[in-house]
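Coordinates from data_32.cif are shown below (mmCIF, C-alpha atoms).
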```cif
data_structure
loop_
_atom_site.label_atom_id
_atom_site.label_comp_id
_atom_site.auth_asym_id
_atom_site.auth_seq_id
_atom_site.Cartn_x
_atom_site.Cartn_y
_atom_site.Cartn_z
CA MET A 1199 -61.06 33.57 23.45
CA SER A 1200 -62.11 30.57 21.43
CA ARG A 1201 -63.34 30.32 17.88
CA ALA A 1202 -66.92 30.21 19.09
CA ALA A 1203 -66.46 33.68 20.54
CA GLY A 1204 -65.70 35.24 17.16
CA THR A 1205 -62.31 34.49 15.61
CA ARG A 1206 -61.90 33.45 11.99
CA ARG A 1207 -59.34 31.01 10.67
CA LEU A 1208 -56.45 32.64 8.85
CA HIS A 1209 -53.69 31.13 6.78
CA ALA A 1210 -51.09 29.53 9.05
CA ALA A 1211 -48.20 31.18 7.19
CA ALA A 1212 -49.66 34.64 7.90
CA TRP A 1213 -49.38 34.05 11.64
CA TRP A 1214 -45.78 32.87 11.30
CA VAL A 1215 -44.80 35.92 9.23
CA TRP A 1216 -46.46 38.16 11.82
CA ALA A 1217 -44.68 36.43 14.71
CA LEU A 1218 -41.30 36.36 12.99
CA GLY A 1219 -41.61 40.09 12.29
CA LEU A 1220 -42.10 40.75 15.99
CA GLY A 1221 -39.30 38.32 16.86
CA ALA A 1222 -36.88 40.05 14.48
CA THR A 1223 -37.85 43.37 16.07
CA ALA A 1224 -36.95 41.97 19.49
CA THR A 1225 -33.52 40.87 18.28
CA ARG A 1226 -32.64 44.44 17.29
CA THR A 1227 -32.90 45.95 20.76
CA THR A 1228 -32.22 45.41 24.45
CA ASN A 1229 -34.51 48.24 25.58
CA PRO A 1230 -36.63 46.62 28.31
CA ILE A 1231 -39.62 48.90 27.73
CA LEU A 1232 -39.76 48.04 24.03
CA LEU A 1233 -39.17 44.34 24.71
CA LEU A 1234 -41.95 44.16 27.30
CA PHE A 1235 -44.25 46.01 24.91
CA ILE A 1236 -43.50 43.44 22.19
CA ALA A 1237 -44.23 40.61 24.62
CA ALA A 1238 -47.49 42.26 25.68
CA VAL A 1239 -48.65 42.72 22.07
CA ALA A 1240 -47.75 39.15 21.10
CA GLY A 1241 -49.42 37.76 24.19
CA TYR A 1242 -52.61 39.76 23.75
CA VAL A 1243 -52.98 38.72 20.12
CA ALA A 1244 -52.23 35.09 20.97
CA VAL A 1245 -54.77 34.94 23.80
CA THR A 1246 -57.44 36.85 21.86
CA CYS A 1247 -57.19 35.19 18.45
CA ARG A 1248 -56.26 31.57 19.22
CA ASP A 1249 -58.71 28.75 18.60
CA ARG A 1250 -59.77 26.21 21.18
CA THR A 1251 -57.30 23.57 19.98
CA PRO A 1252 -54.72 21.34 21.66
CA TRP A 1253 -51.75 23.29 20.29
CA SER A 1254 -53.16 26.64 21.49
CA ARG A 1255 -52.34 25.62 25.07
CA SER A 1256 -48.62 25.58 24.24
CA TYR A 1257 -48.40 29.35 24.69
CA GLY A 1258 -48.26 29.02 28.47
CA ALA A 1259 -45.37 26.58 28.16
CA PHE A 1260 -43.42 29.10 26.06
CA LEU A 1261 -44.06 31.79 28.68
CA ARG A 1262 -42.62 29.57 31.39
CA LEU A 1263 -39.67 28.71 29.15
CA ALA A 1264 -39.00 32.42 28.59
CA ALA A 1265 -39.01 33.02 32.35
CA ILE A 1266 -36.59 30.12 32.85
CA VAL A 1267 -34.25 31.51 30.19
CA LEU A 1268 -34.24 34.91 31.91
CA VAL A 1269 -33.40 33.37 35.29
CA ILE A 1270 -30.66 31.18 33.80
CA ARG A 1271 -29.07 34.16 32.02
CA ILE A 1272 -28.93 36.16 35.23
CA GLY A 1273 -27.65 33.13 37.12
CA PHE A 1274 -24.80 32.64 34.65
CA HIS A 1275 -23.75 36.25 35.14
CA VAL A 1276 -23.83 35.99 38.92
CA VAL A 1277 -21.71 32.83 38.91
CA LEU A 1278 -19.41 33.38 35.94
CA GLY A 1279 -19.29 37.15 35.74
CA GLY A 1280 -19.68 39.50 32.80
CA VAL A 1281 -20.15 43.24 32.59
CA ALA A 1282 -18.62 44.95 35.63
CA GLY A 1283 -19.87 48.11 37.28
CA PRO A 1284 -19.24 50.43 40.20
CA THR A 1285 -22.39 49.46 42.10
CA GLU A 1286 -21.55 46.28 43.97
CA LEU A 1287 -24.53 44.26 45.17
CA VAL A 1288 -22.85 41.26 46.77
CA ARG A 1289 -19.45 39.58 46.81
CA LEU A 1290 -19.45 35.81 46.44
CA PRO A 1291 -16.54 33.54 47.36
CA GLU A 1292 -14.26 33.49 44.33
CA ILE A 1293 -12.53 30.35 43.08
CA PRO A 1294 -9.00 31.10 41.76
CA LEU A 1295 -8.42 30.05 38.15
CA PRO A 1296 -5.15 29.50 36.22
CA SER A 1297 -3.56 32.26 34.17
CA TRP A 1298 -4.75 30.82 30.86
CA ALA A 1299 -8.36 31.39 32.00
CA SER A 1300 -7.94 35.15 32.32
CA GLY A 1301 -11.18 37.02 31.79
CA ILE A 1302 -13.22 34.22 33.34
CA ARG A 1303 -14.15 34.11 36.98
CA ILE A 1304 -16.24 31.91 39.25
CA GLY A 1305 -17.75 33.94 42.04
CA GLY A 1306 -16.48 37.35 43.09
CA ALA A 1307 -18.21 40.73 43.04
CA VAL A 1308 -21.67 41.02 41.48
CA SER A 1309 -22.56 44.51 40.28
CA ALA A 1310 -25.98 45.99 39.64
CA GLU A 1311 -24.89 47.08 36.16
CA GLY A 1312 -23.88 43.53 35.25
CA VAL A 1313 -27.11 42.03 36.55
CA LEU A 1314 -29.08 44.62 34.58
CA HIS A 1315 -27.13 43.84 31.41
CA ALA A 1316 -27.76 40.12 31.86
CA ALA A 1317 -31.46 40.75 32.53
CA TYR A 1318 -31.84 42.84 29.36
CA ASP A 1319 -30.02 40.21 27.31
CA GLY A 1320 -32.10 37.38 28.75
CA LEU A 1321 -35.28 39.39 28.25
CA ARG A 1322 -34.50 39.74 24.55
CA LEU A 1323 -34.22 35.97 24.14
CA GLY A 1324 -37.30 35.45 26.28
CA VAL A 1325 -39.38 37.81 24.15
CA LEU A 1326 -38.22 35.96 21.04
CA LEU A 1327 -39.52 32.73 22.60
CA VAL A 1328 -42.81 34.47 23.42
CA CYS A 1329 -43.23 35.45 19.75
CA VAL A 1330 -42.51 31.89 18.61
CA GLY A 1331 -44.97 30.61 21.19
CA ALA A 1332 -47.63 32.97 19.88
CA ALA A 1333 -47.14 31.57 16.37
CA ASN A 1334 -47.42 28.01 17.69
CA ALA A 1335 -50.65 28.88 19.49
CA LEU A 1336 -52.24 30.64 16.52
CA ALA A 1337 -51.16 28.57 13.50
CA ASP A 1338 -52.60 25.14 12.78
CA PRO A 1339 -49.53 22.92 12.17
CA ARG A 1340 -51.43 20.50 9.92
CA ARG A 1341 -52.72 23.27 7.70
CA LEU A 1342 -49.24 24.79 7.64
CA LEU A 1343 -47.91 21.52 6.22
CA GLN A 1344 -50.63 21.54 3.56
CA SER A 1345 -49.77 25.11 2.57
CA LEU A 1346 -46.07 24.56 1.91
CA PRO A 1347 -44.95 24.25 -1.73
CA GLY A 1348 -44.78 20.79 -3.23
CA ALA A 1349 -41.09 21.23 -4.02
CA LEU A 1350 -40.32 21.32 -0.30
CA TYR A 1351 -42.13 18.15 0.69
CA GLU A 1352 -39.02 16.58 2.27
CA VAL A 1353 -37.98 19.72 4.15
CA SER A 1354 -41.53 20.72 5.03
CA VAL A 1355 -42.20 17.52 6.93
CA ALA A 1356 -39.09 17.97 9.09
CA VAL A 1357 -39.82 21.66 9.70
CA VAL A 1358 -43.46 21.12 10.64
CA VAL A 1359 -42.63 18.20 12.92
CA ALA A 1360 -39.96 20.33 14.63
CA LEU A 1361 -42.34 23.27 15.05
CA THR A 1362 -45.15 21.14 16.41
CA THR A 1363 -43.11 19.16 18.93
CA ALA A 1364 -43.78 21.55 21.81
CA PRO A 1365 -47.55 21.92 21.12
CA GLN A 1366 -47.99 18.16 20.79
CA LEU A 1367 -46.09 17.48 24.01
CA VAL A 1368 -48.23 20.02 25.86
CA ALA A 1369 -51.43 18.52 24.43
CA SER A 1370 -50.29 15.02 25.41
CA ALA A 1371 -49.43 16.16 28.94
CA VAL A 1372 -52.85 17.79 29.40
CA ARG A 1373 -54.68 14.72 28.08
CA ILE A 1374 -52.70 12.28 30.25
CA ARG A 1375 -53.07 14.46 33.35
CA ARG A 1376 -56.85 14.60 32.91
CA ALA A 1377 -57.01 10.83 32.47
CA ARG A 1378 -55.05 10.34 35.69
CA GLN A 1379 -57.26 12.74 37.58
CA LEU A 1380 -60.32 10.74 36.51
CA ARG A 1381 -58.64 7.65 37.96
CA GLY A 1382 -57.98 9.45 41.25
CA ASP A 1383 -54.26 10.11 40.70
CA LEU A 1384 -53.75 13.63 42.12
CA ARG A 1385 -49.94 13.65 42.38
CA ARG A 1386 -48.34 17.06 41.78
CA GLY A 1387 -44.91 18.61 41.92
CA VAL A 1388 -41.80 16.59 41.11
CA ARG A 1389 -43.53 13.22 41.60
CA GLY A 1390 -46.34 14.19 39.28
CA PHE A 1391 -43.92 15.49 36.65
CA THR A 1392 -41.75 12.37 36.64
CA SER A 1393 -44.82 10.17 36.34
CA LEU A 1394 -45.85 12.09 33.20
CA VAL A 1395 -42.55 11.90 31.32
CA VAL A 1396 -42.75 8.32 30.03
CA PRO A 1397 -46.44 8.44 28.93
CA VAL A 1398 -45.97 11.80 27.21
CA VAL A 1399 -42.87 10.67 25.28
CA GLU A 1400 -44.57 7.41 24.35
CA ASP A 1401 -47.63 9.27 23.10
CA ALA A 1402 -45.42 11.60 21.04
CA PHE A 1403 -43.71 8.63 19.37
CA ASP A 1404 -47.06 6.98 18.67
CA ARG A 1405 -48.34 10.15 17.02
CA ALA A 1406 -45.16 10.47 14.93
CA LEU A 1407 -45.42 6.87 13.72
CA SER A 1408 -49.12 7.31 12.97
CA MET A 1409 -48.40 10.45 10.96
CA ALA A 1410 -45.62 8.72 9.00
CA ALA A 1411 -47.84 5.73 8.22
CA THR A 1412 -50.66 8.00 7.08
CA MET A 1413 -48.37 9.98 4.80
CA ASP A 1414 -46.86 6.81 3.34
CA ALA A 1415 -50.33 5.36 2.68
CA ARG A 1416 -51.32 8.51 0.79
CA GLY A 1417 -48.21 8.41 -1.38
CA TYR A 1418 -46.68 11.52 0.13
CA GLY A 1419 -43.26 12.22 -1.34
CA ARG A 1420 -43.69 10.49 -4.70
CA ALA A 1421 -41.52 12.12 -7.33
CA GLY A 1422 -42.16 12.53 -11.03
CA GLU A 1423 -39.75 12.43 -13.96
CA VAL A 1424 -38.12 15.76 -14.89
CA PRO A 1425 -35.39 16.52 -17.46
CA ALA A 1426 -31.79 16.72 -16.31
CA GLY A 1427 -31.56 20.39 -17.32
CA VAL A 1428 -34.49 21.28 -15.07
CA ARG A 1429 -32.86 19.45 -12.14
CA ARG A 1430 -29.59 21.34 -12.64
CA ALA A 1431 -31.40 24.68 -12.93
CA THR A 1432 -33.37 23.89 -9.79
CA GLY A 1433 -30.20 23.09 -7.86
CA ALA A 1434 -28.51 26.29 -9.01
CA CYS A 1435 -31.54 28.37 -8.03
CA VAL A 1436 -31.70 26.69 -4.61
CA ILE A 1437 -28.01 27.34 -3.87
CA GLY A 1438 -28.18 30.93 -5.12
CA GLY A 1439 -31.42 31.63 -3.28
CA LEU A 1440 -30.13 30.24 0.01
CA ALA A 1441 -26.90 32.21 -0.31
CA GLY A 1442 -28.77 35.43 -1.07
CA LEU A 1443 -31.27 35.00 1.73
CA SER A 1444 -28.56 34.08 4.22
CA MET A 1445 -26.37 37.07 3.39
CA GLY A 1446 -29.36 39.40 3.31
CA ALA A 1447 -30.70 38.21 6.66
CA PHE A 1448 -27.25 38.53 8.22
CA ALA A 1449 -26.85 42.06 6.88
CA VAL A 1450 -30.30 43.11 8.11
CA LEU A 1451 -29.76 41.71 11.60
CA ASP A 1452 -26.12 42.90 11.92
CA THR A 1453 -25.79 46.67 12.02
CA THR A 1454 -22.06 46.51 11.16
CA ALA A 1455 -22.61 44.74 7.81
CA PRO A 1456 -22.52 46.80 4.58
CA ASP A 1457 -25.87 47.97 3.22
CA VAL A 1458 -25.30 46.32 -0.16
CA LEU A 1459 -25.69 42.92 1.49
CA GLY A 1460 -29.03 43.78 3.06
CA VAL A 1461 -32.22 44.31 1.09
CA PRO A 1462 -30.66 43.73 -2.39
CA ALA A 1463 -29.35 40.31 -1.34
CA LEU A 1464 -32.74 39.44 0.15
CA VAL A 1465 -34.50 40.42 -3.08
CA VAL A 1466 -32.12 38.42 -5.29
CA GLY A 1467 -32.31 35.43 -2.95
CA GLY A 1468 -36.10 35.63 -2.86
CA VAL A 1469 -36.35 35.70 -6.66
CA LEU A 1470 -34.00 32.72 -7.04
CA GLY A 1471 -35.81 30.86 -4.27
CA PHE A 1472 -39.17 31.44 -5.96
CA GLY A 1473 -37.74 30.13 -9.22
CA ALA A 1474 -36.42 27.05 -7.45
CA LEU A 1475 -39.85 26.37 -5.95
CA ARG A 1476 -41.55 26.71 -9.33
CA LEU A 1477 -39.07 24.39 -11.03
CA GLY A 1478 -38.94 21.90 -8.16
CA ALA A 1479 -42.73 21.61 -8.00
CA ARG A 1480 -42.65 19.70 -11.30
CA ARG A 1481 -41.16 16.61 -9.66
CA ALA A 1482 -43.63 16.51 -6.76
CA ILE A 1483 -46.80 14.58 -7.60
CA ARG A 1484 -49.09 15.84 -4.89
CA THR A 1485 -52.66 17.10 -4.60
CA ARG A 1486 -54.32 19.23 -1.93
CA TYR A 1487 -57.78 18.88 -0.45
CA ARG A 1488 -59.40 22.26 0.13
CA PRO A 1489 -56.19 24.31 0.11
CA ASP A 1490 -56.06 27.45 2.23
CA ARG A 1491 -56.35 30.67 0.27
CA TRP A 1492 -54.23 33.72 0.94
CA GLY A 1493 -56.54 36.71 1.02
CA GLY A 1494 -56.54 40.33 2.06
CA ALA A 1495 -56.84 39.52 5.76
CA GLU A 1496 -53.71 37.36 5.63
CA THR A 1497 -51.79 40.12 3.87
CA VAL A 1498 -52.81 42.64 6.53
CA VAL A 1499 -51.83 40.31 9.38
CA ALA A 1500 -48.42 39.48 7.87
CA ALA A 1501 -47.74 43.12 7.01
CA SER A 1502 -48.60 44.28 10.54
CA GLY A 1503 -45.80 42.11 11.94
CA LEU A 1504 -43.33 43.41 9.36
CA VAL A 1505 -44.28 47.01 10.17
CA ALA A 1506 -42.83 46.49 13.64
CA LEU A 1507 -39.52 45.49 12.08
CA VAL A 1508 -39.60 48.54 9.81
CA GLY A 1509 -40.22 50.73 12.85
CA VAL A 1510 -37.13 49.51 14.68
CA LEU A 1511 -35.03 49.84 11.49
CA VAL A 1512 -36.18 53.44 11.16
CA ALA A 1513 -35.17 54.04 14.78
CA GLU A 1514 -31.71 52.66 14.00
CA ARG A 1515 -31.31 54.99 11.03
CA THR A 1516 -32.59 58.12 12.74
CA GLY A 1517 -31.06 57.48 16.15
CA ALA A 1518 -34.26 58.53 17.90
CA GLY A 1519 -34.77 56.82 21.25
CA THR A 1520 -32.56 54.19 22.83
CA LEU A 1521 -32.36 50.70 21.35
CA ASP A 1522 -29.34 49.55 23.37
CA PRO A 1523 -29.30 51.31 26.76
CA VAL A 1524 -26.13 52.03 28.69
CA PHE A 1525 -25.63 50.74 32.21
CA VAL A 1526 -23.22 53.30 33.66
CA PRO A 1527 -24.94 55.25 35.07
CA ILE A 1528 -28.13 53.23 35.51
CA THR A 1529 -30.99 55.17 33.91
CA LEU A 1530 -34.40 54.36 32.49
CA PRO A 1531 -33.95 54.20 28.69
CA ASP A 1532 -36.22 56.10 26.33
CA PRO A 1533 -38.06 53.78 23.93
CA PRO A 1534 -37.88 54.80 20.25
CA VAL A 1535 -41.21 56.23 19.11
CA SER A 1536 -41.11 54.71 15.61
CA ALA A 1537 -40.48 51.24 17.00
CA MET A 1538 -43.28 51.59 19.55
CA ILE A 1539 -45.71 52.69 16.84
CA GLY A 1540 -44.65 49.77 14.64
CA VAL A 1541 -45.22 47.28 17.46
CA LEU A 1542 -48.58 48.89 18.17
CA VAL A 1543 -49.57 48.25 14.55
CA ALA A 1544 -48.96 44.55 15.23
CA LEU A 1545 -52.24 44.58 17.20
CA VAL A 1546 -54.15 44.77 13.91
CA PRO A 1547 -54.80 40.97 13.86
CA VAL A 1548 -57.13 41.44 16.83
CA LEU A 1549 -59.41 43.43 14.52
CA VAL A 1550 -58.82 41.52 11.29
CA ALA A 1551 -59.09 38.02 12.73
CA ARG A 1552 -62.44 38.65 14.40
CA THR A 1553 -65.80 38.36 12.62
CA PRO A 1554 -69.27 38.90 14.05
CA VAL A 1555 -70.77 35.58 15.11
CA ARG A 1556 -74.51 35.28 15.48
CA SER A 1557 -75.94 33.83 18.64
CA ARG A 1558 -77.66 30.47 18.70
CA ALA A 1559 -81.08 32.11 19.09
CA SER A 1560 -80.57 34.27 16.01
CA ILE A 1561 -79.50 31.23 13.97
CA VAL A 1562 -82.60 29.31 15.04
CA THR A 1563 -84.81 32.29 14.17
CA ALA A 1564 -83.22 32.66 10.75
CA THR A 1565 -83.69 28.94 10.08
CA ARG A 1566 -87.37 29.08 10.99
CA LYS A 1567 -87.93 32.06 8.73
CA ALA A 1568 -86.22 30.29 5.84
CA ALA A 1569 -88.35 27.16 6.43
CA ALA A 1570 -91.52 29.21 6.49
#
```
Representation of the structure as structure tokens:
Amino acid sequence: MSRAAGTRRLHAAAWWVWALGLGATATRTTNPILLLFIAAVAGYVAVTCRDRTPWSRSYGAFLRLAAIVLVIRIGFHVVLGGVAGPTELVRLPEIPLPSWASGIRIGGAVSAEGVLHAAYDGLRLGVLLVCVGAANALADPRRLLQSLPGALYEVSVAVVVALTTAPQLVASAVRIRRARQLRGDLRRGVRGFTSLVVPVVEDAFDRALSMAATMDARGYGRAGEVPAGVRRATGACVIGGLAGLSMGAFAVLDTTAPDVLGVPALVVGGVLGFGALRLGARRAIRTRYRPDRWGGAETVVAASGLVALVGVLVAERTGAGTLDPVFVPITLPDPPVSAMIGVLVALVPVLVARTPVRSRASIVTATRKAAA
């Protein structure tokens, strides 16, 4: 659905917080039912709420990449082995390896339990890519760059360029393919793909150089004079904030880490990071034209993605449902109810990001009445 059909533009950071919440939820489980549900929710929101923009077409590329990752993960297990099981599917010719390579095999028996374990593991990574693809399709990369704090102008450029590489390549490929079709070039398959590589890469470099020249012409990155004490305090806050956020994120994602390194470390790191941004903004001489405002709709969208993460954390604490299914014997795992409800809440952007749009006839009628 395009913007003309009724979506409203939200803050780019809200979409990324929503997508990262779903992605973090996917990293906490290998339950295929829950993972497929996360992918379905992310895909539905991405298809329903995206604008008609060049980067919105990148979602299909991320779906294909997720499928490729799943196939590669299963292929690695079939060739190199992994989890063994009693249900043998096929026995491949095995290549003998030296004694120092014990635990590694090439070929041999392939069990159903091992293939299932590899499929669940690959599905988790694939769903994470689907969530990132949804954020790329929903968030405007240029407006995301404008919304980042002035203290992060060096890092923000690198991050935004890295995040927009895939959408820009997809947009360039679509534009070049259409131009070739207008000239009568209908090559497809491997020949068509190889003929697109050089023009797409060249177009990406041209866009990068154009962006750099534009930013340099506008004085992006100019720094002001700040006292030495402020610079030292900023550096200390940056180091402390990064350390706190890193330890907190590790403790939240790793169930074996102590609880004291979880939420408390995230809070301390967030406070120090906020202080570093406030102090570092003094040296960045930079203005914004029509900056995006963070309103109630953005808060609801971001919170809906984080609710999914809270749901899977509650399932870990209570032990309800199955987050990591067993493979011997092979059974259909029960999805945790709290996690499923949390992921279902992530559909809220479909309601929040849509506004009633009047038809063209109603707009013309309203204009005539105002003129009269």
Distance in Å - atom CA of Val1508 of chain A versus atom CA of Ala1222 of chain A
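Between these atoms lies a distance of 10.1 Å.
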What is the atom CA of Gly1306 of chain A-atom CA of Ile1266 of chain A distance in Å, reported with one decimal?
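Between atom CA of Gly1306 of chain A and atom CA of Ile1266 of chain A the gap is 23.7 Å.
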Residues within 9 Å of Ala1402 of chain A, please, as a PyMOL selection string. Count only C-alpha atoms; anything in the same chain fewer than 3 positions from it doesn't count.
chain A and resi 1363+1366-1367+1370+1397-1399+1405-1407
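Coordinates place atom CA of Leu1336 of chain A at a distance of 4.9 Å from atom CA of Arg1248 of chain A.
Taking only C-alpha atoms into account, Arg1271 of chain A lies nearest to A:Leu1323 out of the set A:Ala1240, A:Ala1333, A:Leu1323, A:Leu1342.
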If you count all atoms listed in the file, which residues fall within 8 Å of Ala1431 of chain A, apart from same-chain ones fewer than 3 positions away, as a list in words?
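Surrounding residues, per the criterion: Gly1427, Val1428, Ala1434, Cys1435, Ala1474 and Leu1477 of chain A.
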Counting only C-alpha atoms, note down every residue that has an atom within 9 Å of the point (-25.6, 49.9, 43.3) (file coordinates), as a list of chain:residue names.
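Answer for this query, in the requested form: A:Gly1283, A:Pro1284, A:Thr1285, A:Glu1286, A:Leu1287, A:Ser1309, A:Ala1310, A:Glu1311, A:Ile1528.
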